[in-house]
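Some notes on the structure that comes next.
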Amino acid sequence: MTKKLLLGDEAIALGALHAGIKGVYAYPGTPSTEITEFIQKSTIAAERDVHNTWCTNEKTAMEAALGMSYAGCRSIVCMKHVGLNVAADAFVNAAMTGVNGGLIVVVADDPSMHSSQNEQDSRFYGKFALMPILEPASQHEAYQMMAYGLELSEKEKLPVLMRITTRMAHSRAAVEVLETAQDVSRLPFAKDAASWVLLPANARRQYTKLVDKQHILENYASSYARLELDGQEKRRGIIACGIGYNYVKEAEAGNGGYHILKISQYPLPKDQIKALAACSNEILVVEDGQPFVEEQVHAILGCDYPIKGRLTGDLPRTGELTPDCVAEAMGKVSQRYFDTPKNLVPRPPALCQGCGHRDVYQALNEVVKEYPNARVFADIGCYTLGALPPFRAIDSCVDMGASITMAKGASDAGLFPAIAVIGDSTFTHSGMTGLLDAVNDKANITVVISDNLTTAMTGGQDSAGTNKFEAICLGLGVEPEHVRVVVPLPKNMEEITRTIREEIEYAGVSVIIPRRECIQTLNRKLKQRKQEKQL
Amino acid sequence: MKKDIILSGVGGQGILSIATIIGEAATKTGLNLKQAEVHGMSQRGGDVQSNLRLSDTIISSDLIALGTADMILSLEPMEALRYLPYLNKDGWIISSTAPFKNIPNYPDEQDLNEELSSLPHVVLVDVDGLAHQNNMPKCANVILLGAASRFLEIISVEELRASIERVFGSKGKEIVELNKKAFDLGYAAAEK
């Protein structure tokens with residue numbers, strides 16, 4: 001064993017590589033991106049030919065991994081929490097078919113919404129799909145759980161969900177790792193069509209099998225749970241889930257005084273909960289995200305047993321856990337020595353200086369001024385920052401791809417001009433099908449695909465549609481004379497505004513593609529070239 | 001012994017490089033470490049921070065609790081103040097004096113300086129000025145680390161210098177020497 005300093009994401013990646021995966025399938029999304037990036041840079045992946053290129057979206061990723069599993073190899077799928085909404089169809093039905101080669105779906109939730117539009121808790125998805133769920137408390141546990149999870153997956157023939165949160169993903173700690181990767185022999189290709197063809201007759205049988213497996217899955221979770229009793233006395237009990245355990249231990253500080261049940265696997269082990277309840281006089285549920293466990297514990301222990309947590313207000317109902325809110329809920333008084341300073345203002349993120357999206361918004365704002373009813377439906381990416389000053393250029397941002405479809409719906413209702421702004425990577429992720437709807441209905445919308453040749457917000461990953469956008473739009477049926485390409489630079493402002501005006505005035509679907517490389521990826525390339533020259 | 005450090009600045013200033021050097025030195029000397037970073041949207045010119053925890057005993061939480069940080073190490077003066085409620089009563093603030101004004105409502109500089117200077121344990125270093133005068137524009141963060149090295153206690157100055165050599169080693173001898181010089185400049189500047 002050797003010790004390595006790893007981000008939670010990196011520990012997961014290395015754990016998966018060491019457990020013999022043949023592929024990682026993912027679409028970038030904070031805070032999950034670094035898992036795939038670590039594998040892309042790893043020598044193990046190169047030596048063992050582990051698939052690691054980016055997928056177009058989370059659904060294609062999930063399905064490709066299921067295919068790899070069918071063919072007898074181990075794989076992981078990585079995404080952020082909202083990505084699981086996109087992959088949900090494949091995800092839920094993968095529990096119905098079951099798996100052949102081991103498969104772990106790693107989903108990174110973002111409580112407090114550091115880089116996201118909601119706080120959804122992926123454990124609900126796991127329960128909904130009746131899958132085993134893993135929730136590591138430390139980077140080291142995350143590493144170990146990859147081998148454990150892939151074995152569990154193969155043994156029980158089910159995909160496994162691993163749920164982490166931002167603090168686990170993006171926090172670094174020492175991890176004890178193996179020296180080399182395991183050699184895992186591939187399993188024979190799956191061939192039992194009765195479980196893989198989800199016709200109603202087969203699906204009913206598969207569903208019964210899945211439901212019947214639940215008590216076995218609960219037994220695994222029960223063995224994995226750890227009940228730490230502080231003597232025989234009745235005390236306050238704490239259910240500490242995932243990284244919630246760390247905050248509990250921080251506040252407890254080795255002084256005891258609590259009975260603690262550490263939970264890192266679901267379905268929730270009822271026997272362990274009851275054992276904790278029997279020796280406690282009340283239970284505090286500490287979990288990051290939504291009150292997933294707290295609600296279930298009420299059902300397990302009955303309404304008379306005192307249970308505290310996010311639902312009772314002992315912990316905040318929203319936002320990620322902090323050492324402070326957990327300590328307070330445990331009855332520890334923390335001391336503060338300095339008040340919030342007077343000379344302090346917020347510093348929101350902003351589009352980079354020199355970014356092409358800036359020129360796009362400047363041009364759009366200039367044209368939109370001329371149309372009192374104009375609305376700009378935007379999308380997910382760096383260009384969402386166009387909502388903030390100085391631009392204040394967009395009217396909506398909901399989910400990946402919603403710009404085009406919302407513009408179409410608004411246009412159907414008579415709104416003019418309805419303008420969509422979408423990035424290149426978001427367009428191929430979820431915008432293309434919406435554009436086909438618009439073309440088929442001859443909707444009167446103007447779509448701006450702001451193409452910076454990369455997936456910029458998450459750090460510059462490859463974008464699936466690079467060099468293909470005109471062909472995609474033409475293929476979907478946009479009229480050739482209404483697919484317009486411009487270069488977003490201040491010197492071209494006259495041409496860009498003229499193009500936008502002309503296409504707004506065209507009564508049909510038009511696509512404007514302002515194309516200029518992301519300033520961040522460009523600078524990185526220039527720096528690299530300079531370094532190479534020096535060497 | 002433990003040291004809980006909040007590193008702060010504006011996205012793109014290079015606080016994570018400081019964390020890397022300290023972290024490398026800490027691991028080499030056998031200390032436990034946890035470091036929570038900020039990735040994603042805030043890195044686009046917003047406020048960024050990293051919680052770096054070092055200890056010779058087990059560390060549980062990835063995050064530092066309010067009122068318990070031993071040091072705020074900041075590449076920007078207003079960003080140093082942002083984390084003030086986290087500082088313990090004997091904690092140090094080591095900060096660059098150069099404001100980074102990418103917002104229209106940046107507070108009055110004199111008020112800001114007065115508020116910072118009124119705190120009990122503050123070291124303000126003109127790291128940008130030093131970097132500029134010594135022709136090392138990209139080394140402001142290492143100059144600041146040099147200044148902080150006097151107050152870190154849990155890791156010696158020699159260990160930090162050795163860490164610079166290992167962290168920048170792949171970039172060539174010239175870069176290593178430049179960063180060591182930057183570190184020494186910061187160390188000297190914190191004396192006064």
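Ordering of the structure tokens sets the chain letters (A, B, ...); residue numbers start at 1 within each chain; ligands are numbered from 1 in the order shown.
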
>> When you look at segment 165-167 of chain A with a cut-off of 8 Å (counting only C-alpha atoms), what residues show up, excluding the ones that are within fewer than 3 positions of it in the same chain? I need them as an MDAnalysis selection string.
In response: (chainID A and resid 31 108:111 170:171 288) or (chainID B and resid 36 62)

Generate the output file for the selected residues, N, CA, C and O atoms, as an mmCIF file, in the first residue's frame.
data_model
loop_
_atom_site.group_PDB
_atom_site.id
_atom_site.type_symbol
_atom_site.label_atom_id
_atom_site.label_comp_id
_atom_site.auth_asym_id
_atom_site.auth_seq_id
_atom_site.Cartn_x
_atom_site.Cartn_y
_atom_site.Cartn_z
ATOM 1 N N PRO A 31 -19.871 18.794 -9.403
ATOM 2 C CA PRO A 31 -18.494 18.484 -9.016
ATOM 3 C C PRO A 31 -18.016 17.068 -9.399
ATOM 4 O O PRO A 31 -17.239 16.486 -8.656
ATOM 5 N N ALA A 108 -22.599 12.997 -8.284
ATOM 6 C CA ALA A 108 -22.121 14.015 -7.347
ATOM 7 C C ALA A 108 -23.200 15.073 -7.141
ATOM 8 O O ALA A 108 -23.517 15.833 -8.052
ATOM 9 N N ASP A 109 -23.761 15.089 -5.939
ATOM 10 C CA ASP A 109 -24.780 16.088 -5.589
ATOM 11 C C ASP A 109 -24.095 17.383 -5.179
ATOM 12 O O ASP A 109 -22.934 17.380 -4.767
ATOM 13 N N ASP A 110 -24.851 18.469 -5.264
ATOM 14 C CA ASP A 110 -24.261 19.779 -4.969
ATOM 15 C C ASP A 110 -25.136 20.563 -3.993
ATOM 16 O O ASP A 110 -25.677 21.619 -4.341
ATOM 17 N N PRO A 111 -25.284 20.066 -2.741
ATOM 18 C CA PRO A 111 -26.054 20.844 -1.768
ATOM 19 C C PRO A 111 -25.387 22.210 -1.552
ATOM 20 O O PRO A 111 -24.160 22.303 -1.598
ATOM 21 N N HIS A 170 -14.510 17.441 -3.941
ATOM 22 C CA HIS A 170 -13.484 18.469 -4.113
ATOM 23 C C HIS A 170 -12.630 18.702 -2.876
ATOM 24 O O HIS A 170 -12.099 19.793 -2.676
ATOM 25 N N SER A 171 -12.543 17.698 -2.022
ATOM 26 C CA SER A 171 -11.670 17.840 -0.874
ATOM 27 C C SER A 171 -10.594 16.769 -0.963
ATOM 28 O O SER A 171 -10.846 15.641 -1.374
ATOM 29 N N ASP A 288 -26.215 14.922 4.575
ATOM 30 C CA ASP A 288 -26.043 16.031 3.649
ATOM 31 C C ASP A 288 -27.075 15.888 2.536
ATOM 32 O O ASP A 288 -27.268 14.794 2.017
ATOM 33 N N ALA B 36 -10.208 21.330 1.407
ATOM 34 C CA ALA B 36 -11.424 21.509 0.615
ATOM 35 C C ALA B 36 -11.195 22.642 -0.379
ATOM 36 O O ALA B 36 -10.761 23.723 -0.002
ATOM 37 N N ASP B 62 -13.769 18.129 6.706
ATOM 38 C CA ASP B 62 -13.045 18.766 5.607
ATOM 39 C C ASP B 62 -13.110 20.283 5.732
ATOM 40 O O ASP B 62 -12.293 20.989 5.165
#

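Neighbours of Val38 of chain B closer than or equal to 9 Å, with only C-alpha atoms counted and sequence neighbours fewer than 4 positions away skipped, come out as His114, His170 and Ser171 of chain A; Ser42, Gln43, Val48, Gln49 and Ser50 of chain B.
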
Just all heavy atoms for this one: save the residues we selected as a PDB file, in the first residue's frame.
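Result file is result.pdb:
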ATOM      1  N   HIS A 114     -23.394  25.237  -5.184  1.00  0.00           N
ATOM      2  CA  HIS A 114     -22.188  26.000  -5.521  1.00  0.00           C
ATOM      3  C   HIS A 114     -22.101  26.229  -7.029  1.00  0.00           C
ATOM      4  O   HIS A 114     -21.666  27.274  -7.479  1.00  0.00           O
ATOM      5  CB  HIS A 114     -20.941  25.256  -5.045  1.00  0.00           C
ATOM      6  CG  HIS A 114     -20.904  25.039  -3.566  1.00  0.00           C
ATOM      7  ND1 HIS A 114     -20.535  26.043  -2.697  1.00  0.00           N
ATOM      8  CD2 HIS A 114     -21.209  23.969  -2.797  1.00  0.00           C
ATOM      9  CE1 HIS A 114     -20.607  25.569  -1.458  1.00  0.00           C
ATOM     10  NE2 HIS A 114     -21.012  24.319  -1.489  1.00  0.00           N
ATOM     11  N   HIS A 170     -14.510  17.441  -3.941  1.00  0.00           N
ATOM     12  CA  HIS A 170     -13.484  18.469  -4.113  1.00  0.00           C
ATOM     13  C   HIS A 170     -12.630  18.702  -2.876  1.00  0.00           C
ATOM     14  O   HIS A 170     -12.099  19.793  -2.676  1.00  0.00           O
ATOM     15  CB  HIS A 170     -14.144  19.784  -4.565  1.00  0.00           C
ATOM     16  CG  HIS A 170     -14.591  19.737  -5.988  1.00  0.00           C
ATOM     17  ND1 HIS A 170     -15.426  20.667  -6.545  1.00  0.00           N
ATOM     18  CD2 HIS A 170     -14.305  18.854  -6.973  1.00  0.00           C
ATOM     19  CE1 HIS A 170     -15.641  20.358  -7.810  1.00  0.00           C
ATOM     20  NE2 HIS A 170     -14.970  19.256  -8.090  1.00  0.00           N
ATOM     21  N   SER A 171     -12.543  17.698  -2.022  1.00  0.00           N
ATOM     22  CA  SER A 171     -11.670  17.840  -0.874  1.00  0.00           C
ATOM     23  C   SER A 171     -10.594  16.769  -0.963  1.00  0.00           C
ATOM     24  O   SER A 171     -10.846  15.641  -1.374  1.00  0.00           O
ATOM     25  CB  SER A 171     -12.499  17.695   0.400  1.00  0.00           C
ATOM     26  OG  SER A 171     -11.641  17.706   1.502  1.00  0.00           O
TER      27      SER A 171
ATOM     28  N   SER B  42     -17.420  29.615  -9.493  1.00  0.00           N
ATOM     29  CA  SER B  42     -16.754  30.735  -8.822  1.00  0.00           C
ATOM     30  C   SER B  42     -15.377  31.024  -9.390  1.00  0.00           C
ATOM     31  O   SER B  42     -14.855  32.119  -9.233  1.00  0.00           O
ATOM     32  CB  SER B  42     -16.578  30.448  -7.342  1.00  0.00           C
ATOM     33  OG  SER B  42     -17.698  29.847  -6.836  1.00  0.00           O
ATOM     34  N   GLN B  43     -14.784  30.004 -10.026  1.00  0.00           N
ATOM     35  CA  GLN B  43     -13.435  30.232 -10.550  1.00  0.00           C
ATOM     36  C   GLN B  43     -13.411  31.295 -11.639  1.00  0.00           C
ATOM     37  O   GLN B  43     -12.354  31.783 -11.996  1.00  0.00           O
ATOM     38  CB  GLN B  43     -12.855  28.919 -11.079  1.00  0.00           C
ATOM     39  CG  GLN B  43     -12.432  27.990  -9.953  1.00  0.00           C
ATOM     40  CD  GLN B  43     -11.896  26.673 -10.478  1.00  0.00           C
ATOM     41  OE1 GLN B  43     -12.582  25.974 -11.200  1.00  0.00           O
ATOM     42  NE2 GLN B  43     -10.669  26.338 -10.133  1.00  0.00           N
ATOM     43  N   VAL B  48     -12.976  33.065  -4.213  1.00  0.00           N
ATOM     44  CA  VAL B  48     -12.659  31.644  -4.022  1.00  0.00           C
ATOM     45  C   VAL B  48     -11.919  31.451  -2.710  1.00  0.00           C
ATOM     46  O   VAL B  48     -11.220  32.359  -2.239  1.00  0.00           O
ATOM     47  CB  VAL B  48     -11.799  31.058  -5.168  1.00  0.00           C
ATOM     48  CG1 VAL B  48     -12.590  30.958  -6.451  1.00  0.00           C
ATOM     49  CG2 VAL B  48     -10.535  31.870  -5.380  1.00  0.00           C
ATOM     50  N   GLN B  49     -12.104  30.282  -2.113  1.00  0.00           N
ATOM     51  CA  GLN B  49     -11.377  29.982  -0.896  1.00  0.00           C
ATOM     52  C   GLN B  49     -11.078  28.495  -0.847  1.00  0.00           C
ATOM     53  O   GLN B  49     -11.698  27.705  -1.547  1.00  0.00           O
ATOM     54  CB  GLN B  49     -12.176  30.424   0.335  1.00  0.00           C
ATOM     55  CG  GLN B  49     -13.609  29.956   0.392  1.00  0.00           C
ATOM     56  CD  GLN B  49     -13.780  28.555   0.922  1.00  0.00           C
ATOM     57  OE1 GLN B  49     -12.910  28.018   1.588  1.00  0.00           O
ATOM     58  NE2 GLN B  49     -14.904  27.937   0.595  1.00  0.00           N
ATOM     59  N   SER B  50     -10.101  28.154  -0.035  1.00  0.00           N
ATOM     60  CA  SER B  50      -9.793  26.756   0.187  1.00  0.00           C
ATOM     61  C   SER B  50      -9.526  26.583   1.675  1.00  0.00           C
ATOM     62  O   SER B  50      -8.841  27.402   2.285  1.00  0.00           O
ATOM     63  CB  SER B  50      -8.559  26.372  -0.638  1.00  0.00           C
ATOM     64  OG  SER B  50      -8.142  25.067  -0.301  1.00  0.00           O
TER      65      SER B  50
END

Please report, as a Markdown table, each residue of segment 40-79 of chain B lying at most 6 Å from segment 89-94 of chain B, together with the nearest pair of atoms and the separation in Å rounded to one decimal; use only C-alpha atoms, and order rows by chain and ascending residue number.
| residue | atom | partner | partner_atom | distance |
| --- | --- | --- | --- | --- |
| B:Asp70 | CA | B:Gly91 | CA | 4.4 |
| B:Met71 | CA | B:Trp92 | CA | 4.7 |
| B:Ile72 | CA | B:Ile93 | CA | 4.8 |
| B:Leu73 | CA | B:Ile94 | CA | 4.9 |

Just N, CA and C atoms for this one: save the residues we selected as an mmCIF file, in the first residue's frame.
data_model
loop_
_atom_site.group_PDB
_atom_site.id
_atom_site.type_symbol
_atom_site.label_atom_id
_atom_site.label_comp_id
_atom_site.auth_asym_id
_atom_site.auth_seq_id
_atom_site.Cartn_x
_atom_site.Cartn_y
_atom_site.Cartn_z
ATOM 1 N N ASP B 70 -6.658 29.200 12.326
ATOM 2 C CA ASP B 70 -5.430 29.765 12.874
ATOM 3 C C ASP B 70 -4.843 30.822 11.956
ATOM 4 N N MET B 71 -5.234 30.780 10.697
ATOM 5 C CA MET B 71 -4.666 31.738 9.751
ATOM 6 C C MET B 71 -5.597 31.957 8.566
ATOM 7 N N ILE B 72 -5.679 33.209 8.138
ATOM 8 C CA ILE B 72 -6.307 33.512 6.853
ATOM 9 C C ILE B 72 -5.181 34.019 5.961
ATOM 10 N N LEU B 73 -4.964 33.335 4.873
ATOM 11 C CA LEU B 73 -3.877 33.675 3.961
ATOM 12 C C LEU B 73 -4.540 34.132 2.671
#

Can you work out which residues from chain B touch chain A at a cut-off of 6 Å (counting only C-alpha atoms) and hand them back as a compact mmCIF listing (two decimals) with N, CA, C and O atoms, in the first residue's frame?
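Once written, result_20.txt looks like this:
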# COMPACT_ATOMS: atom_id res chain seq x y z
N LEU B 33 -3.62 15.77 6.66
CA LEU B 33 -4.05 16.94 5.90
C LEU B 33 -5.44 16.72 5.31
O LEU B 33 -5.77 15.63 4.88
N LYS B 34 -6.25 17.76 5.32
CA LYS B 34 -7.49 17.77 4.54
C LYS B 34 -7.59 19.13 3.88
O LYS B 34 -7.28 20.15 4.50
N GLN B 35 -7.99 19.12 2.63
CA GLN B 35 -8.05 20.39 1.92
C GLN B 35 -9.28 20.44 1.04
O GLN B 35 -9.42 19.71 0.07
N ALA B 36 -10.21 21.33 1.41
CA ALA B 36 -11.42 21.51 0.61
C ALA B 36 -11.19 22.64 -0.38
O ALA B 36 -10.76 23.72 0.00
N GLU B 37 -11.47 22.35 -1.64
CA GLU B 37 -11.22 23.34 -2.69
C GLU B 37 -12.52 23.81 -3.32
O GLU B 37 -13.55 23.18 -3.16
N GLY B 40 -15.30 25.06 -10.31
CA GLY B 40 -16.58 25.36 -10.95
C GLY B 40 -16.81 26.83 -11.15
O GLY B 40 -15.89 27.59 -11.39
N MET B 41 -18.08 27.22 -11.00
CA MET B 41 -18.50 28.53 -11.43
C MET B 41 -17.72 29.68 -10.81
O MET B 41 -17.35 30.62 -11.51
N SER B 42 -17.42 29.61 -9.49
CA SER B 42 -16.75 30.73 -8.82
C SER B 42 -15.38 31.02 -9.39
O SER B 42 -14.85 32.12 -9.23
N ARG B 44 -14.59 31.66 -12.18
CA ARG B 44 -14.65 32.70 -13.21
C ARG B 44 -14.66 34.08 -12.56
O ARG B 44 -15.65 34.78 -12.61
N GLY B 45 -13.57 34.44 -11.88
CA GLY B 45 -13.45 35.79 -11.35
C GLY B 45 -14.24 36.07 -10.08
O GLY B 45 -14.32 37.22 -9.64
N GLY B 46 -14.86 35.06 -9.50
CA GLY B 46 -15.59 35.26 -8.26
C GLY B 46 -14.68 35.05 -7.06
O GLY B 46 -13.49 34.79 -7.21
N ASP B 47 -15.25 35.17 -5.84
CA ASP B 47 -14.45 34.93 -4.65
C ASP B 47 -14.21 33.43 -4.51
O ASP B 47 -15.11 32.63 -4.69
N SER B 60 -11.12 15.16 11.19
CA SER B 60 -12.42 14.60 10.75
C SER B 60 -13.06 15.43 9.66
O SER B 60 -13.25 14.97 8.55
N SER B 61 -13.37 16.68 9.96
CA SER B 61 -14.12 17.51 9.03
C SER B 61 -13.23 18.07 7.92
O SER B 61 -12.09 18.45 8.16
N ALA B 65 -14.41 25.08 11.18
CA ALA B 65 -15.57 25.65 11.87
C ALA B 65 -15.34 27.14 12.16
O ALA B 65 -14.20 27.61 12.22
N GLY B 67 -14.75 30.53 14.00
CA GLY B 67 -14.00 30.85 15.22
C GLY B 67 -12.83 29.93 15.52
O GLY B 67 -12.31 29.94 16.63
N PRO B 85 -15.07 35.86 10.33
CA PRO B 85 -15.78 35.12 11.38
C PRO B 85 -15.20 33.72 11.64
O PRO B 85 -15.51 33.11 12.66
N LYS B 89 -9.31 33.61 18.20
CA LYS B 89 -8.95 34.93 18.75
C LYS B 89 -7.47 35.23 18.62
O LYS B 89 -7.08 36.38 18.55
N PRO B 107 -15.31 48.35 -2.01
CA PRO B 107 -15.31 49.33 -0.91
C PRO B 107 -14.14 50.32 -0.98
O PRO B 107 -13.14 50.07 -1.67
N LEU B 112 -11.10 50.04 4.03
CA LEU B 112 -10.75 48.62 4.03
C LEU B 112 -9.44 48.40 4.79
O LEU B 112 -9.34 47.53 5.65

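Residues surrounding Arg375 of chain A within 7 Å are A:Asp395, A:Pro417, A:Ala418, A:Ile419 [only C-alpha atoms; sequence separation below 4 positions excluded].
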
May I have the residues from that selection written out with C-alpha atoms, as a compact mmCIF listing (two decimals), in the first residue's frame?
# COMPACT_ATOMS: atom_id res chain seq x y z
CA ASP A 395 -34.58 36.03 -19.31
CA PRO A 417 -38.98 37.82 -31.10
CA ALA A 418 -38.19 34.57 -29.25
CA ILE A 419 -34.44 34.16 -29.09

>> as a PyMOL selection string, please: every residue in chain B that DSSP puts in alpha helix (DSSP H).
In response: chain B and resi 15-28+77-82+109-117+127-133+140-152+157-168+173-189

> Near segment 118-133 of chain B, within 9 Å and counting only C-alpha atoms, which residues show up once chain neighbours fewer than 2 positions away are dropped, as a ChimeraX atom specification?
Replying inline: /B:75,77,89-98,113-116,135-144,147-148,182,185-186,189-190

What does the file look like for those residues with N, CA, C and O atoms, as a short mmCIF file (atom, residue, chain, number, x, y, z; two decimals), in the first residue's frame?
data_model
loop_
_atom_site.label_atom_id
_atom_site.label_comp_id
_atom_site.auth_asym_id
_atom_site.auth_seq_id
_atom_site.Cartn_x
_atom_site.Cartn_y
_atom_site.Cartn_z
N LEU B 75 -4.78 36.51 -1.01
CA LEU B 75 -4.11 37.23 -2.10
C LEU B 75 -4.83 38.54 -2.41
O LEU B 75 -4.47 39.23 -3.36
N PRO B 77 -7.04 41.91 -0.25
CA PRO B 77 -7.42 42.40 1.08
C PRO B 77 -8.89 42.24 1.46
O PRO B 77 -9.20 41.84 2.58
N LYS B 89 -9.31 33.61 18.20
CA LYS B 89 -8.95 34.93 18.75
C LYS B 89 -7.47 35.23 18.62
O LYS B 89 -7.08 36.38 18.55
N ASP B 90 -6.62 34.21 18.52
CA ASP B 90 -5.20 34.46 18.32
C ASP B 90 -4.75 34.24 16.88
O ASP B 90 -3.56 34.17 16.60
N GLY B 91 -5.71 34.09 15.98
CA GLY B 91 -5.38 33.77 14.59
C GLY B 91 -4.77 34.94 13.84
O GLY B 91 -5.00 36.10 14.17
N TRP B 92 -3.99 34.59 12.82
CA TRP B 92 -3.30 35.59 12.01
C TRP B 92 -3.97 35.81 10.67
O TRP B 92 -4.49 34.88 10.08
N ILE B 93 -3.91 37.07 10.20
CA ILE B 93 -4.28 37.35 8.81
C ILE B 93 -3.00 37.76 8.09
O ILE B 93 -2.31 38.69 8.52
N ILE B 94 -2.68 37.04 7.04
CA ILE B 94 -1.54 37.42 6.19
C ILE B 94 -2.14 37.74 4.83
O ILE B 94 -2.71 36.85 4.19
N SER B 95 -2.04 38.99 4.42
CA SER B 95 -2.74 39.35 3.18
C SER B 95 -1.93 40.25 2.27
O SER B 95 -1.12 41.06 2.72
N SER B 96 -2.20 40.11 1.00
CA SER B 96 -1.69 41.05 0.01
C SER B 96 -2.44 42.37 0.19
O SER B 96 -3.61 42.37 0.58
N THR B 97 -1.78 43.48 -0.10
CA THR B 97 -2.44 44.78 0.03
C THR B 97 -3.13 45.22 -1.25
O THR B 97 -3.87 46.20 -1.26
N ALA B 98 -2.86 44.51 -2.36
CA ALA B 98 -3.36 45.00 -3.66
C ALA B 98 -4.81 44.61 -3.89
O ALA B 98 -5.14 43.43 -3.98
N ASN B 113 -8.45 49.24 4.47
CA ASN B 113 -7.15 49.13 5.14
C ASN B 113 -7.25 49.39 6.63
O ASN B 113 -6.62 48.71 7.43
N GLU B 114 -8.06 50.38 6.98
CA GLU B 114 -8.23 50.70 8.40
C GLU B 114 -8.85 49.53 9.15
O GLU B 114 -8.42 49.18 10.24
N GLU B 115 -9.87 48.93 8.52
CA GLU B 115 -10.53 47.81 9.17
C GLU B 115 -9.57 46.63 9.35
O GLU B 115 -9.50 46.01 10.41
N LEU B 116 -8.80 46.36 8.30
CA LEU B 116 -7.82 45.27 8.39
C LEU B 116 -6.78 45.56 9.46
O LEU B 116 -6.47 44.71 10.30
N ASN B 135 10.68 41.67 -11.00
CA ASN B 135 10.52 41.06 -12.32
C ASN B 135 10.06 39.60 -12.23
O ASN B 135 10.61 38.73 -12.92
N MET B 136 9.12 39.36 -11.35
CA MET B 136 8.56 38.01 -11.25
C MET B 136 7.04 38.10 -11.11
O MET B 136 6.46 37.71 -10.09
N PRO B 137 6.38 38.62 -12.18
CA PRO B 137 4.95 38.94 -12.07
C PRO B 137 4.06 37.76 -11.67
O PRO B 137 2.99 37.95 -11.11
N LYS B 138 4.51 36.54 -11.95
CA LYS B 138 3.63 35.39 -11.66
C LYS B 138 3.90 34.77 -10.29
O LYS B 138 3.34 33.72 -9.97
N CYS B 139 4.78 35.42 -9.49
CA CYS B 139 5.18 34.80 -8.22
C CYS B 139 4.54 35.43 -7.00
O CYS B 139 4.97 35.16 -5.87
N ALA B 140 3.52 36.27 -7.19
CA ALA B 140 2.91 36.96 -6.04
C ALA B 140 2.45 35.97 -4.98
O ALA B 140 2.63 36.20 -3.77
N ASN B 141 1.91 34.84 -5.43
CA ASN B 141 1.40 33.86 -4.45
C ASN B 141 2.52 33.24 -3.62
O ASN B 141 2.37 33.02 -2.43
N VAL B 142 3.67 32.99 -4.24
CA VAL B 142 4.79 32.40 -3.50
C VAL B 142 5.42 33.44 -2.56
O VAL B 142 5.88 33.10 -1.46
N ILE B 143 5.41 34.71 -2.95
CA ILE B 143 5.88 35.77 -2.05
C ILE B 143 5.00 35.78 -0.79
O ILE B 143 5.50 35.84 0.34
N LEU B 144 3.71 35.68 -1.00
CA LEU B 144 2.79 35.66 0.15
C LEU B 144 3.04 34.44 1.04
O LEU B 144 3.04 34.56 2.27
N ALA B 147 5.92 35.10 3.26
CA ALA B 147 5.54 35.93 4.41
C ALA B 147 4.83 35.09 5.47
O ALA B 147 5.07 35.23 6.67
N ALA B 148 3.98 34.20 5.01
CA ALA B 148 3.20 33.37 5.95
C ALA B 148 4.06 32.35 6.66
O ALA B 148 3.73 31.91 7.76
N ALA B 182 11.37 34.36 -4.67
CA ALA B 182 10.09 34.97 -4.31
C ALA B 182 9.73 34.64 -2.86
O ALA B 182 9.32 35.51 -2.08
N LEU B 185 11.88 36.64 -0.51
CA LEU B 185 11.44 38.04 -0.49
C LEU B 185 10.25 38.21 0.45
O LEU B 185 10.20 39.15 1.25
N GLY B 186 9.33 37.30 0.36
CA GLY B 186 8.15 37.35 1.22
C GLY B 186 8.52 37.17 2.68
O GLY B 186 8.02 37.87 3.57
N ALA B 189 10.00 40.31 3.90
CA ALA B 189 9.03 41.41 3.99
C ALA B 189 8.16 41.30 5.25
O ALA B 189 7.66 42.30 5.75
N ALA B 190 7.97 40.09 5.74
CA ALA B 190 7.10 39.90 6.90
C ALA B 190 7.82 40.22 8.21
O ALA B 190 7.21 40.21 9.27
#

>> Which of segment 6-177 of chain B end up as strand (DSSP E or B) when DSSP is run on this backbone - answer as JSON, numbers by chain?
In response: {"B": [6, 7, 8, 9, 10, 32, 33, 34, 35, 36, 47, 48, 49, 50, 51, 52, 53, 54, 55, 69, 70, 71, 72, 73, 74, 87, 88, 89, 90, 91, 92, 93, 94, 95, 96, 122, 123, 124, 125]}

> Any idea what's packed within 9 Å of Val376 of chain A, counting only C-alpha atoms, ignoring anything in its chain fewer than 2 positions away? Could you give it as a ChimeraX atom specification?
Replying inline: /A:364,368,374,378,393-396,403,407,417-421
